[in-house]
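Engineer: For reference, the file protein-v5.txt (compact mmCIF, C-alpha atoms) is included below:
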# COMPACT_ATOMS: atom_id res chain seq x y z
CA MET Q 1 94.37 48.56 95.87
CA LYS Q 2 97.68 49.81 94.55
CA ILE Q 3 98.41 53.48 95.31
CA LYS Q 4 100.27 55.25 92.53
CA PHE Q 5 102.27 58.32 93.52
CA ASN Q 6 102.78 61.25 91.20
CA THR Q 7 106.34 61.63 90.03
CA ASN Q 8 106.24 65.45 90.11
CA LEU Q 9 107.83 66.70 93.35
CA VAL Q 10 105.88 69.96 93.47
CA VAL Q 11 102.53 68.21 93.09
CA ASN Q 12 103.48 65.68 95.81
CA ILE Q 13 104.45 68.48 98.21
CA ILE Q 14 101.18 70.32 97.56
CA ILE Q 15 99.08 67.18 98.06
CA ALA Q 16 101.00 66.31 101.26
CA GLY Q 17 100.52 69.86 102.56
CA ILE Q 18 96.78 69.79 101.92
CA ALA Q 19 96.48 66.36 103.56
CA ILE Q 20 98.36 67.56 106.67
CA VAL Q 21 96.22 70.70 106.94
CA MET Q 22 93.04 68.61 106.71
CA ILE Q 23 94.17 65.93 109.17
CA LEU Q 24 95.90 68.22 111.73
CA PRO Q 25 92.78 69.71 113.39
CA TRP Q 26 91.24 66.25 113.88
CA LEU Q 27 94.53 64.88 115.17
CA SER Q 28 94.99 67.69 117.68
CA PHE Q 29 91.34 67.39 118.80
CA TRP Q 30 91.80 63.64 119.32
CA LEU Q 31 95.07 64.16 121.24
CA VAL Q 32 93.57 66.86 123.47
CA SER Q 33 90.49 64.77 124.26
CA LYS Q 34 92.72 61.74 124.96
CA THR Q 35 94.94 63.81 127.31
CA LYS Q 36 91.90 65.20 129.10
CA SER Q 37 90.40 61.75 129.57
CA GLN Q 38 93.70 60.49 130.97
CA THR Q 39 93.89 63.30 133.49
CA SER Q 40 90.18 63.41 134.28
CA THR Q 41 90.62 61.09 137.24
CA VAL Q 42 93.18 63.47 138.84
CA GLY Q 43 92.72 67.18 139.46
CA THR Q 44 94.56 70.46 139.27
CA TYR Q 45 94.40 72.49 142.45
CA ASN Q 46 95.20 76.17 142.51
CA SER Q 47 95.99 78.23 145.58
CA TRP Q 48 95.61 81.93 144.98
CA GLU Q 49 97.40 84.91 146.40
CA ASN Q 50 95.39 87.97 145.48
CA ASN Q 51 95.65 91.27 147.30
CA LEU Q 52 94.25 93.30 144.43
CA LYS Q 53 90.76 94.72 144.15
CA PRO Q 54 88.66 93.71 141.12
CA ILE Q 55 89.23 95.99 138.14
CA ASP Q 56 85.55 96.87 137.87
CA THR Q 57 83.74 97.89 141.06
CA GLU Q 58 81.62 95.01 142.32
CA LEU Q 59 77.95 95.82 142.75
CA SER Q 60 75.71 94.46 145.42
CA GLU Q 61 73.28 91.89 144.07
CA SER Q 62 70.62 93.23 146.46
CA LEU Q 63 70.26 96.36 144.29
CA PRO Q 64 67.04 96.71 142.28
CA TYR Q 65 67.51 95.29 138.78
CA ASP Q 66 67.15 98.60 136.88
CA GLN Q 67 69.61 100.35 139.16
CA TYR Q 68 72.02 97.41 138.91
CA ILE Q 69 71.96 97.51 135.10
CA LYS Q 70 72.35 101.32 135.02
CA LEU Q 71 75.31 101.22 137.40
CA LYS Q 72 76.90 98.33 135.50
CA ASP Q 73 76.59 100.25 132.22
CA SER Q 74 78.08 103.36 133.83
CA ILE Q 75 81.03 101.37 135.13
CA LYS Q 76 81.54 99.90 131.67
CA LEU Q 77 81.37 103.33 130.03
CA MET Q 78 83.78 104.81 132.58
CA ARG Q 79 86.31 102.08 131.96
CA SER Q 80 85.87 102.44 128.23
CA LEU Q 81 86.58 106.17 128.44
CA ARG Q 82 89.59 105.75 130.71
CA ASP Q 83 91.02 102.89 128.63
CA GLY Q 84 90.67 104.95 125.47
CA ASP Q 85 88.25 102.64 123.66
CA GLU Q 86 86.20 105.44 122.12
CA PRO Q 87 87.72 106.24 118.72
CA PHE Q 88 87.96 109.71 117.26
CA LYS Q 89 87.08 110.48 113.68
CA GLY Q 90 89.97 109.75 111.39
CA SER Q 91 90.89 106.37 112.85
CA PHE Q 92 91.45 103.87 110.05
CA THR Q 93 93.12 100.55 109.31
CA LEU Q 94 94.97 99.10 106.36
CA GLY Q 95 95.33 95.34 106.64
CA ASN Q 96 96.53 94.51 110.16
CA ILE Q 97 97.93 97.96 110.94
CA GLY Q 98 96.12 101.22 111.45
CA ILE Q 99 96.04 104.62 113.06
CA PHE Q 100 93.75 104.99 116.07
CA TYR Q 101 92.81 108.27 117.70
CA ALA Q 102 91.28 108.31 121.17
CA SER Q 103 90.48 111.08 123.57
CA ASP Q 104 92.77 111.63 126.53
CA CYS Q 105 90.33 110.68 129.25
CA SER Q 106 92.34 108.83 131.86
CA THR Q 107 91.30 111.19 134.68
CA CYS Q 108 87.86 112.28 133.55
CA SER Q 109 84.55 111.36 135.13
CA LEU Q 110 81.16 110.39 133.81
CA ALA Q 111 79.86 113.85 134.67
CA ASP Q 112 82.54 115.34 132.37
CA TYR Q 113 81.34 113.03 129.62
CA TRP Q 114 77.61 113.61 129.99
CA HIS Q 115 77.72 117.34 130.66
CA HIS Q 116 80.80 118.14 128.53
CA THR Q 117 82.38 119.97 131.44
CA ARG Q 118 85.80 119.47 129.86
CA SER Q 119 87.08 119.26 126.34
CA PHE Q 120 87.21 115.85 124.78
CA ASP Q 121 88.85 117.21 121.68
CA THR Q 122 92.41 116.48 122.80
CA LYS Q 123 93.26 113.33 121.07
CA LYS Q 124 96.06 110.88 121.50
CA SER Q 125 97.45 108.98 118.55
CA TYR Q 126 98.18 105.28 118.48
CA LEU Q 127 99.52 102.75 116.01
CA ALA Q 128 96.94 99.95 116.00
CA LEU Q 129 98.33 96.40 115.69
CA LEU Q 130 95.22 94.45 114.77
CA GLY Q 131 97.08 91.16 114.48
CA TRP Q 132 98.05 91.09 118.19
CA THR Q 133 95.87 90.61 121.23
CA LEU Q 134 96.06 89.72 124.92
CA SER Q 135 95.72 86.05 125.81
CA HIS Q 136 93.78 84.56 128.69
CA ASN Q 137 95.01 81.62 130.70
CA ASP Q 138 92.50 78.96 131.59
CA LEU Q 139 92.90 79.55 135.32
CA SER Q 140 89.29 80.48 136.11
CA TYR Q 141 90.16 83.97 137.28
CA ILE Q 142 87.74 86.49 135.87
CA ASP Q 143 90.07 89.50 135.58
CA GLU Q 144 93.02 87.51 134.21
CA GLY Q 145 94.53 88.99 131.07
CA LYS Q 146 92.46 92.17 131.37
CA PHE Q 147 93.88 95.55 130.47
CA TYR Q 148 92.93 98.72 132.32
CA VAL Q 149 94.22 102.25 132.79
CA LYS Q 150 94.76 103.82 136.19
CA ASN Q 151 96.11 107.31 136.67
CA GLY Q 152 97.25 107.43 133.07
CA GLN Q 153 99.25 104.19 133.28
CA GLY Q 154 98.19 101.01 131.50
CA TYR Q 155 98.23 97.70 133.37
CA VAL Q 156 97.56 94.09 132.46
CA ARG Q 157 96.31 91.93 135.30
CA GLN Q 158 98.08 88.61 135.07
CA ALA Q 159 97.77 85.39 137.00
CA LEU Q 160 101.34 84.13 137.37
CA ILE Q 161 102.12 80.57 138.47
CA ASP Q 162 104.84 80.85 141.11
CA THR Q 163 105.29 77.16 141.78
CA SER Q 164 103.76 74.02 140.39
CA PHE Q 165 104.32 70.53 141.75
CA LYS Q 166 102.89 67.13 140.99
CA LYS Q 167 101.76 64.91 143.83
CA ALA Q 168 102.16 61.17 144.09
CA ASP Q 169 98.50 60.63 143.12
CA GLY Q 170 99.06 62.55 139.85
CA SER Q 171 97.26 65.73 140.91
CA VAL Q 172 98.92 69.07 140.21
CA ASN Q 173 99.15 71.90 142.75
CA ASN Q 174 99.70 75.41 141.46
CA ARG Q 175 100.54 78.40 143.61
CA ILE Q 176 99.32 81.46 141.72
CA HIS Q 177 99.59 85.12 142.54
CA ILE Q 178 97.76 87.95 140.82
CA LYS Q 179 99.84 90.87 139.68
CA ASP Q 180 99.21 94.10 137.80
CA VAL Q 181 101.97 94.34 135.21
CA PRO Q 182 102.57 97.93 134.02
CA VAL Q 183 102.66 98.10 130.21
CA LYS Q 184 103.68 100.70 127.68
CA PHE Q 185 100.90 99.89 125.20
CA ARG Q 186 97.18 100.57 125.26
CA TYR Q 187 94.50 98.02 124.36
CA ASN Q 188 91.25 98.38 122.45
CA HIS Q 189 88.64 96.16 124.11
CA ARG Q 190 86.12 96.32 121.28
CA GLY Q 191 88.46 95.16 118.55
CA GLU Q 192 90.76 93.28 120.97
CA TYR Q 193 94.02 94.60 119.60
CA LEU Q 194 97.12 96.44 120.77
CA LEU Q 195 97.70 100.18 120.51
CA ILE Q 196 101.22 101.62 120.51
CA PRO Q 197 101.31 105.29 121.61
CA ILE Q 198 102.86 107.60 118.99
CA SER Q 199 103.10 111.35 118.67
CA ASN Q 200 100.59 113.30 116.59
CA THR Q 201 103.39 114.23 114.16
CA GLN Q 202 104.30 110.58 113.69
CA ALA Q 203 100.62 109.82 113.16
CA HIS Q 204 100.37 112.49 110.45
CA ILE Q 205 103.46 111.12 108.70
CA LEU Q 206 102.05 107.59 108.86
CA VAL Q 207 98.70 108.77 107.51
CA PHE Q 208 100.52 110.38 104.57
CA VAL Q 209 102.54 107.20 103.93
CA TRP Q 210 99.38 105.12 104.33
CA GLY Q 211 97.56 107.29 101.81
CA ILE Q 212 100.26 106.78 99.19
CA SER Q 213 100.41 103.04 99.97
CA LEU Q 214 96.64 102.79 99.68
CA ALA Q 215 96.75 104.47 96.27
CA PHE Q 216 99.40 101.99 95.12
CA ILE Q 217 97.51 99.04 96.58
CA LEU Q 218 94.23 100.11 94.94
CA THR Q 219 95.97 100.56 91.58
CA TYR Q 220 97.59 97.16 91.98
CA LEU Q 221 94.26 95.54 92.90
CA LEU Q 222 92.53 97.14 89.90
CA TYR Q 223 95.35 95.88 87.67
CA LEU Q 224 95.00 92.39 89.19
CA ILE Q 225 91.23 92.35 88.64
CA SER Q 226 91.60 93.66 85.09
CA ALA Q 227 94.19 90.94 84.36
CA PHE Q 228 91.71 88.30 85.49
CA LEU Q 229 88.87 89.88 83.48
CA ARG Q 230 91.02 90.12 80.34
CA PHE Q 231 91.98 86.48 80.83
CA ILE Q 232 88.29 85.54 80.88
CA VAL Q 233 87.53 87.72 77.83
CA ASP Q 234 90.45 86.32 75.79
CA THR Q 235 89.54 82.74 76.73
CA SER Q 236 85.92 83.28 75.69
CA LYS Q 237 87.15 84.70 72.35
CA GLY Q 238 89.11 81.50 71.72
CA GLU Q 239 92.55 83.00 72.41
CA ILE Q 240 93.35 80.53 75.18
CA PHE Q 241 96.97 79.46 75.14
CA THR Q 242 98.65 82.79 74.51
CA ASP Q 243 101.69 84.44 76.11
CA LYS Q 244 99.44 87.13 77.56
CA ASN Q 245 97.18 84.62 79.30
CA VAL Q 246 100.14 82.70 80.69
CA ASN Q 247 101.69 85.90 82.05
CA ARG Q 248 98.37 87.01 83.53
CA LEU Q 249 97.97 83.72 85.40
CA LYS Q 250 101.57 83.96 86.64
CA PHE Q 251 100.94 87.52 87.84
CA ILE Q 252 97.73 86.53 89.67
CA ALA Q 253 99.34 83.47 91.29
CA SER Q 254 102.38 85.42 92.53
CA SER Q 255 100.14 88.19 93.88
CA LEU Q 256 98.01 85.67 95.77
CA VAL Q 257 101.14 84.07 97.24
CA GLY Q 258 102.71 87.41 98.05
CA PHE Q 259 99.71 88.87 99.85
CA PRO Q 260 99.56 86.42 102.81
CA VAL Q 261 103.36 86.33 103.02
CA ILE Q 262 103.53 90.11 103.25
CA THR Q 263 100.59 90.32 105.68
CA TYR Q 264 101.99 87.69 108.00
CA GLY Q 265 105.54 88.99 107.66
CA LEU Q 266 104.47 92.56 108.40
CA ASN Q 267 102.55 91.37 111.46
CA TYR Q 268 105.63 89.67 112.87
CA ALA Q 269 107.82 92.60 111.86
CA MET Q 270 105.71 94.74 114.21
CA ARG Q 271 106.66 92.41 117.04
CA VAL Q 272 110.34 92.86 116.23
CA ILE Q 273 110.09 96.65 115.82
CA PHE Q 274 108.03 97.14 118.99
CA HIS Q 275 109.54 94.29 121.03
CA SER Q 276 109.94 96.56 124.07
CA TYR Q 277 106.16 97.01 124.22
CA PHE Q 278 105.32 93.32 124.09
CA ILE Q 279 104.83 91.25 127.27
CA PRO Q 280 104.47 87.45 127.54
CA GLY Q 281 100.67 87.65 127.44
CA VAL Q 282 100.56 89.23 123.96
CA VAL Q 283 99.74 86.70 121.24
CA VAL Q 284 98.83 86.59 117.54
CA LYS Q 285 95.09 86.81 116.95
CA ASP Q 286 93.30 83.54 116.13
CA ASN Q 287 91.45 84.92 113.12
CA LEU Q 288 94.69 85.89 111.30
CA LEU Q 289 95.49 82.40 109.98
CA PRO Q 290 92.18 81.13 108.49
CA GLY Q 291 91.94 84.09 106.12
CA LEU Q 292 95.50 83.58 104.97
CA TRP Q 293 94.88 79.89 104.32
CA MET Q 294 92.11 80.78 101.85
CA ASP Q 295 94.52 83.05 99.98
CA LEU Q 296 97.10 80.28 99.83
CA VAL Q 297 94.56 77.78 98.49
CA LEU Q 298 93.58 80.24 95.75
CA ALA Q 299 97.26 80.86 95.05
CA VAL Q 300 97.87 77.13 94.61
CA ILE Q 301 94.91 76.87 92.21
CA PHE Q 302 96.17 79.75 90.06
CA LEU Q 303 99.72 78.41 90.20
CA LEU Q 304 98.53 75.07 88.83
CA LEU Q 305 96.46 76.88 86.18
CA TYR Q 306 99.56 78.84 85.17
CA LYS Q 307 101.61 75.64 84.81
CA ALA Q 308 98.83 74.00 82.77
CA PHE Q 309 98.43 76.99 80.47
CA ARG Q 310 102.19 77.31 80.04
CA GLN Q 311 102.37 73.69 78.92
CA GLY Q 312 99.34 74.25 76.70
CA LYS Q 313 101.07 77.24 75.09
CA LEU Q 314 104.14 75.13 74.33
CA LEU Q 315 102.00 72.43 72.74
CA LYS Q 316 100.05 75.02 70.73
CA ASP Q 317 103.26 76.64 69.46
CA GLU Q 318 104.58 73.29 68.41
CA HIS Q 319 101.33 72.48 66.65
CA ASP Q 320 101.16 75.91 64.97
CA LEU Q 321 104.73 75.59 63.70
CA THR Q 322 104.23 72.07 62.43
CA VAL Q 323 103.92 72.17 58.65
CA MET L 1 118.80 75.79 64.29
CA PRO L 2 120.91 72.79 63.13
CA ILE L 3 118.42 71.73 60.39
CA ILE L 4 118.47 74.15 57.44
CA VAL L 5 115.61 74.13 54.92
CA ASN L 6 116.83 74.68 51.38
CA LEU L 7 113.35 74.97 49.89
CA ASP L 8 114.12 78.24 48.11
CA VAL L 9 117.14 76.62 46.40
CA MET L 10 115.01 73.78 45.05
CA MET L 11 112.24 76.20 44.05
CA ALA L 12 114.78 78.25 42.10
CA LYS L 13 116.15 75.09 40.41
CA ARG L 14 112.65 74.04 39.37
CA LYS L 15 111.69 77.64 38.57
CA MET L 16 108.60 77.46 40.76
CA SER L 17 107.02 80.28 42.75
CA LEU L 18 105.80 79.97 46.32
CA THR L 19 102.18 80.45 45.22
CA GLU L 20 102.38 77.67 42.63
CA LEU L 21 104.14 75.33 45.06
CA SER L 22 101.54 75.92 47.79
CA GLU L 23 98.71 75.20 45.29
CA ARG L 24 100.31 72.02 44.04
CA VAL L 25 101.38 70.73 47.45
CA GLY L 26 98.05 71.63 49.08
CA ILE L 27 99.24 73.66 52.07
CA THR L 28 98.78 77.34 52.75
CA MET L 29 101.31 79.98 51.73
CA ALA L 30 101.66 80.94 55.40
CA ASN L 31 102.79 77.41 56.33
CA LEU L 32 105.14 77.23 53.36
CA SER L 33 106.57 80.57 54.37
CA ILE L 34 107.14 79.22 57.89
CA LEU L 35 109.02 76.26 56.39
CA LYS L 36 111.01 78.39 53.94
CA THR L 37 112.15 80.87 56.60
CA GLY L 38 113.27 78.09 58.98
CA LYS L 39 110.73 78.88 61.70
CA ALA L 40 109.03 75.48 61.52
CA LYS L 41 109.41 73.19 64.55
CA ALA L 42 108.26 70.05 62.79
CA VAL L 43 107.36 68.79 59.31
CA ARG L 44 104.79 66.11 58.72
CA LEU L 45 106.01 63.24 56.56
CA GLU L 46 103.01 63.63 54.22
CA THR L 47 103.94 67.30 53.69
CA LEU L 48 107.57 66.37 52.97
CA GLU L 49 106.34 63.64 50.60
CA ALA L 50 104.11 66.12 48.74
CA ILE L 51 106.90 68.70 48.41
CA CYS L 52 109.39 66.12 47.15
CA ARG L 53 106.84 64.78 44.63
CA VAL L 54 106.11 68.30 43.28
CA LEU L 55 109.77 69.41 43.18
CA ASP L 56 110.98 65.99 42.03
CA CYS L 57 113.73 65.75 44.61
CA GLN L 58 114.88 63.84 47.70
CA PRO L 59 114.26 64.93 51.31
CA GLY L 60 118.01 65.44 51.64
CA ASP L 61 117.86 68.07 48.90
CA ILE L 62 115.50 70.15 51.01
CA LEU L 63 116.73 69.42 54.56
CA GLU L 64 120.37 69.84 55.54
CA PHE L 65 121.96 69.25 58.96
CA VAL L 66 124.64 71.74 59.99
CA VAL L 67 126.59 71.37 63.26
CA ASN L 68 126.56 74.54 65.41
CA GLU L 69 130.08 75.60 66.46
Please express the file's structure as structure tokens.
Structural biologist:
Amino acid sequence: MKIKFNTNLVVNIIIAGIAIVMILPWLSFWLVSKTKSQTSTVGTYNSWENNLKPIDTELSESLPYDQYIKLKDSIKLMRSLRDGDEPFKGSFTLGNIGIFYASDCSTCSLADYWHHTRSFDTKKSYLALLGWTLSHNDLSYIDEGKFYVKNGQGYVRQALIDTSFKKADGSVNNRIHIKDVPVKFRYNHRGEYLLIPISNTQAHILVFVWGISLAFILTYLLYLISAFLRFIVDTSKGEIFTDKNVNRLKFIASSLVGFPVITYGLNYAMRVIFHSYFIPGVVVKDNLLPGLWMDLVLAVIFLLLYKAFRQGKLLKDEHDLTV
Amino acid sequence: MPIIVNLDVMMAKRKMSLTELSERVGITMANLSILKTGKAKAVRLETLEAICRVLDCQPGDILEFVVNE
């Protein structure tokens, strides 16, 4: 069977890109499984140096079940309060960035929480970076990559490989030590994203800027939707290959291309702006890419529609001006 | 455009109006107007044939090529 290639460069690039995206996951899965099968006969041995207590208090398994569950929930709640996971009213997000308000509760107790013996109205402001999260190494250490607050200071417990050497039989020996790395950021465990501390004034300014941006974005979205609806209405009326329809398709395609570019770019811009807050364990969230891929696929479809309609308009004009 | 349509010159020579020409040639006044004003992108040979038959002229009398400087 003879394969005929399209002579248009843009179409060839798009087809190649789609083929790579479809084949890549299978290829990486095959490579990973092949690597694992090759190394399955030899092992990785870790020796641990850990002088740190577990982040959460360990409970005795001899406790009655109800008591065990109650205590476990209390420990969870305590950590949640101290880590600042409980949001205040007014917290909101726009895309991958938001403003998060949490109560200042790094030294409070459960009794304070249940009996309201102190005010929980003092709130701290944070810039929420929803596109960034803490990674976990596959080193079978339960507290690895966990964030916690102690005495008002945030820490990330990391398992760091000091030395790693390969033996003659192919096995790998790692010497790992556990360390609490002090960090300048906070971390929301529920949403699994980073929080950069900011002043309340900065938060108010950002909220104001966000409000104006949201108004612009909503107006832009309404305009985008109306362009698509008017395109459908004009097409159903028989006015298909018109300048207006061509421009509408161009507008929709460029918006769909621009949105993931801006979202991704803004996410990485945060890394550059707040580089002093980032540590090696901070990574881009997994769920950021799949959503952007959908936008790009839609953008490609509308881009091709725009090219087709533009060509159609040229042919129609030629036909209309043929006497 | 390098091709100039001298339809109005021939119409004046033959003392024919646009309405009469469109009726005799069999195309709409709108299309004839497009041709007369030089906005046409193409002319069908059958249209050119009909115009030449009605105006009793050659295609060269209606279409003139002028080089753009």
Engineer: What is the distance, in Å and to one decimal place, between atom CA of Q:Trp210 and atom CA of Q:Leu94?
Structural biologist: 7.7 Å
Engineer: Considering all atoms listed in the file, tabulate each residue of chain Q that lies at most 10 Å from chain L along with its nearest interatomic pair and the corresponding distance in Å to one decimal; arrange the rows by chain and ascending residue number and present them as a tab-separated table.
Structural biologist:
residue	atom	partner	partner_atom	distance
Q:Asp317	CA	L:Lys41	CA	8.6
Q:Glu318	CA	L:Lys41	CA	6.2
Q:His319	CA	L:Ala42	CA	8.3
Q:Asp320	CA	L:Ala40	CA	8.6
Q:Leu321	CA	L:Ala40	CA	4.8
Q:Thr322	CA	L:Ala42	CA	4.5
Q:Val323	CA	L:Val43	CA	4.9
Engineer: Can you tell me, as a JSON list (two decimals) with C-alpha atoms, keeping the file's coordinate frame, which residues sit within 7 Å of (95.0, 91.5, 122.1) in the file's frame, using all atoms listed in the file?
Structural biologist:
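See part-v4.json below for the written result:
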[["chain", "number", "residue", "atom", "x", "y", "z"],
["Q", 132, "TRP", "CA", 98.05, 91.09, 118.19],
["Q", 133, "THR", "CA", 95.87, 90.61, 121.23],
["Q", 134, "LEU", "CA", 96.06, 89.72, 124.92],
["Q", 135, "SER", "CA", 95.72, 86.05, 125.81],
["Q", 187, "TYR", "CA", 94.50, 98.02, 124.36],
["Q", 192, "GLU", "CA", 90.76, 93.28, 120.97],
["Q", 193, "TYR", "CA", 94.02, 94.60, 119.60],
["Q", 194, "LEU", "CA", 97.12, 96.44, 120.77],
["Q", 282, "VAL", "CA", 100.56, 89.23, 123.96],
["Q", 283, "VAL", "CA", 99.74, 86.70, 121.24],
["Q", 285, "LYS", "CA", 95.09, 86.81, 116.95]]
Engineer: Rounded to one decimal in Å, what is the spacing between atom CA of Q:Ser276 and atom CA of Q:Gly154?
Structural biologist: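 These atoms are spaced 14.6 Å apart.
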Engineer: Using all atoms listed in the file, can you list as a list in words the residues within 9 Å of (108.4, 71.3, 51.0)?
Structural biologist: Val323 of chain Q; Val5, Leu7, Leu21, Ser22, Val25, Leu32, Leu35, Lys36, Val43, Thr47, Leu48, Glu49, Ala50, Ile51, Cys52, Val54, Leu55, Pro59 and Ile62 of chain L
Engineer: Could you give me the axis-aligned bounding box of stretch 50-62 of chain L, with 3 Å of padding per side, as centre plus edge lengths in Å to one decimal, as AutoDock Vina command-line options?
Structural biologist:
--center_x 111.1 --center_y 67.0 --center_z 46.8 --size_x 19.9 --size_y 12.3 --size_z 15.6
Engineer: For each of L:Met29, L:Ala12, L:Leu18, L:Ile4, take the minimum atom-to-atom distance to L:Glu64, counting only C-alpha atoms, then give the residue where this is smallest.
Structural biologist: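 Residue with the minimum atom-to-atom distance to L:Glu64: L:Ile4.
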Engineer: Would you please work out which residue, of Q:Ala159, Q:Ile262, Q:Val149, Q:Ile99, is nearest to Q:Leu52 when using only C-alpha atoms?
Structural biologist: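 Closest candidate: Q:Ala159.
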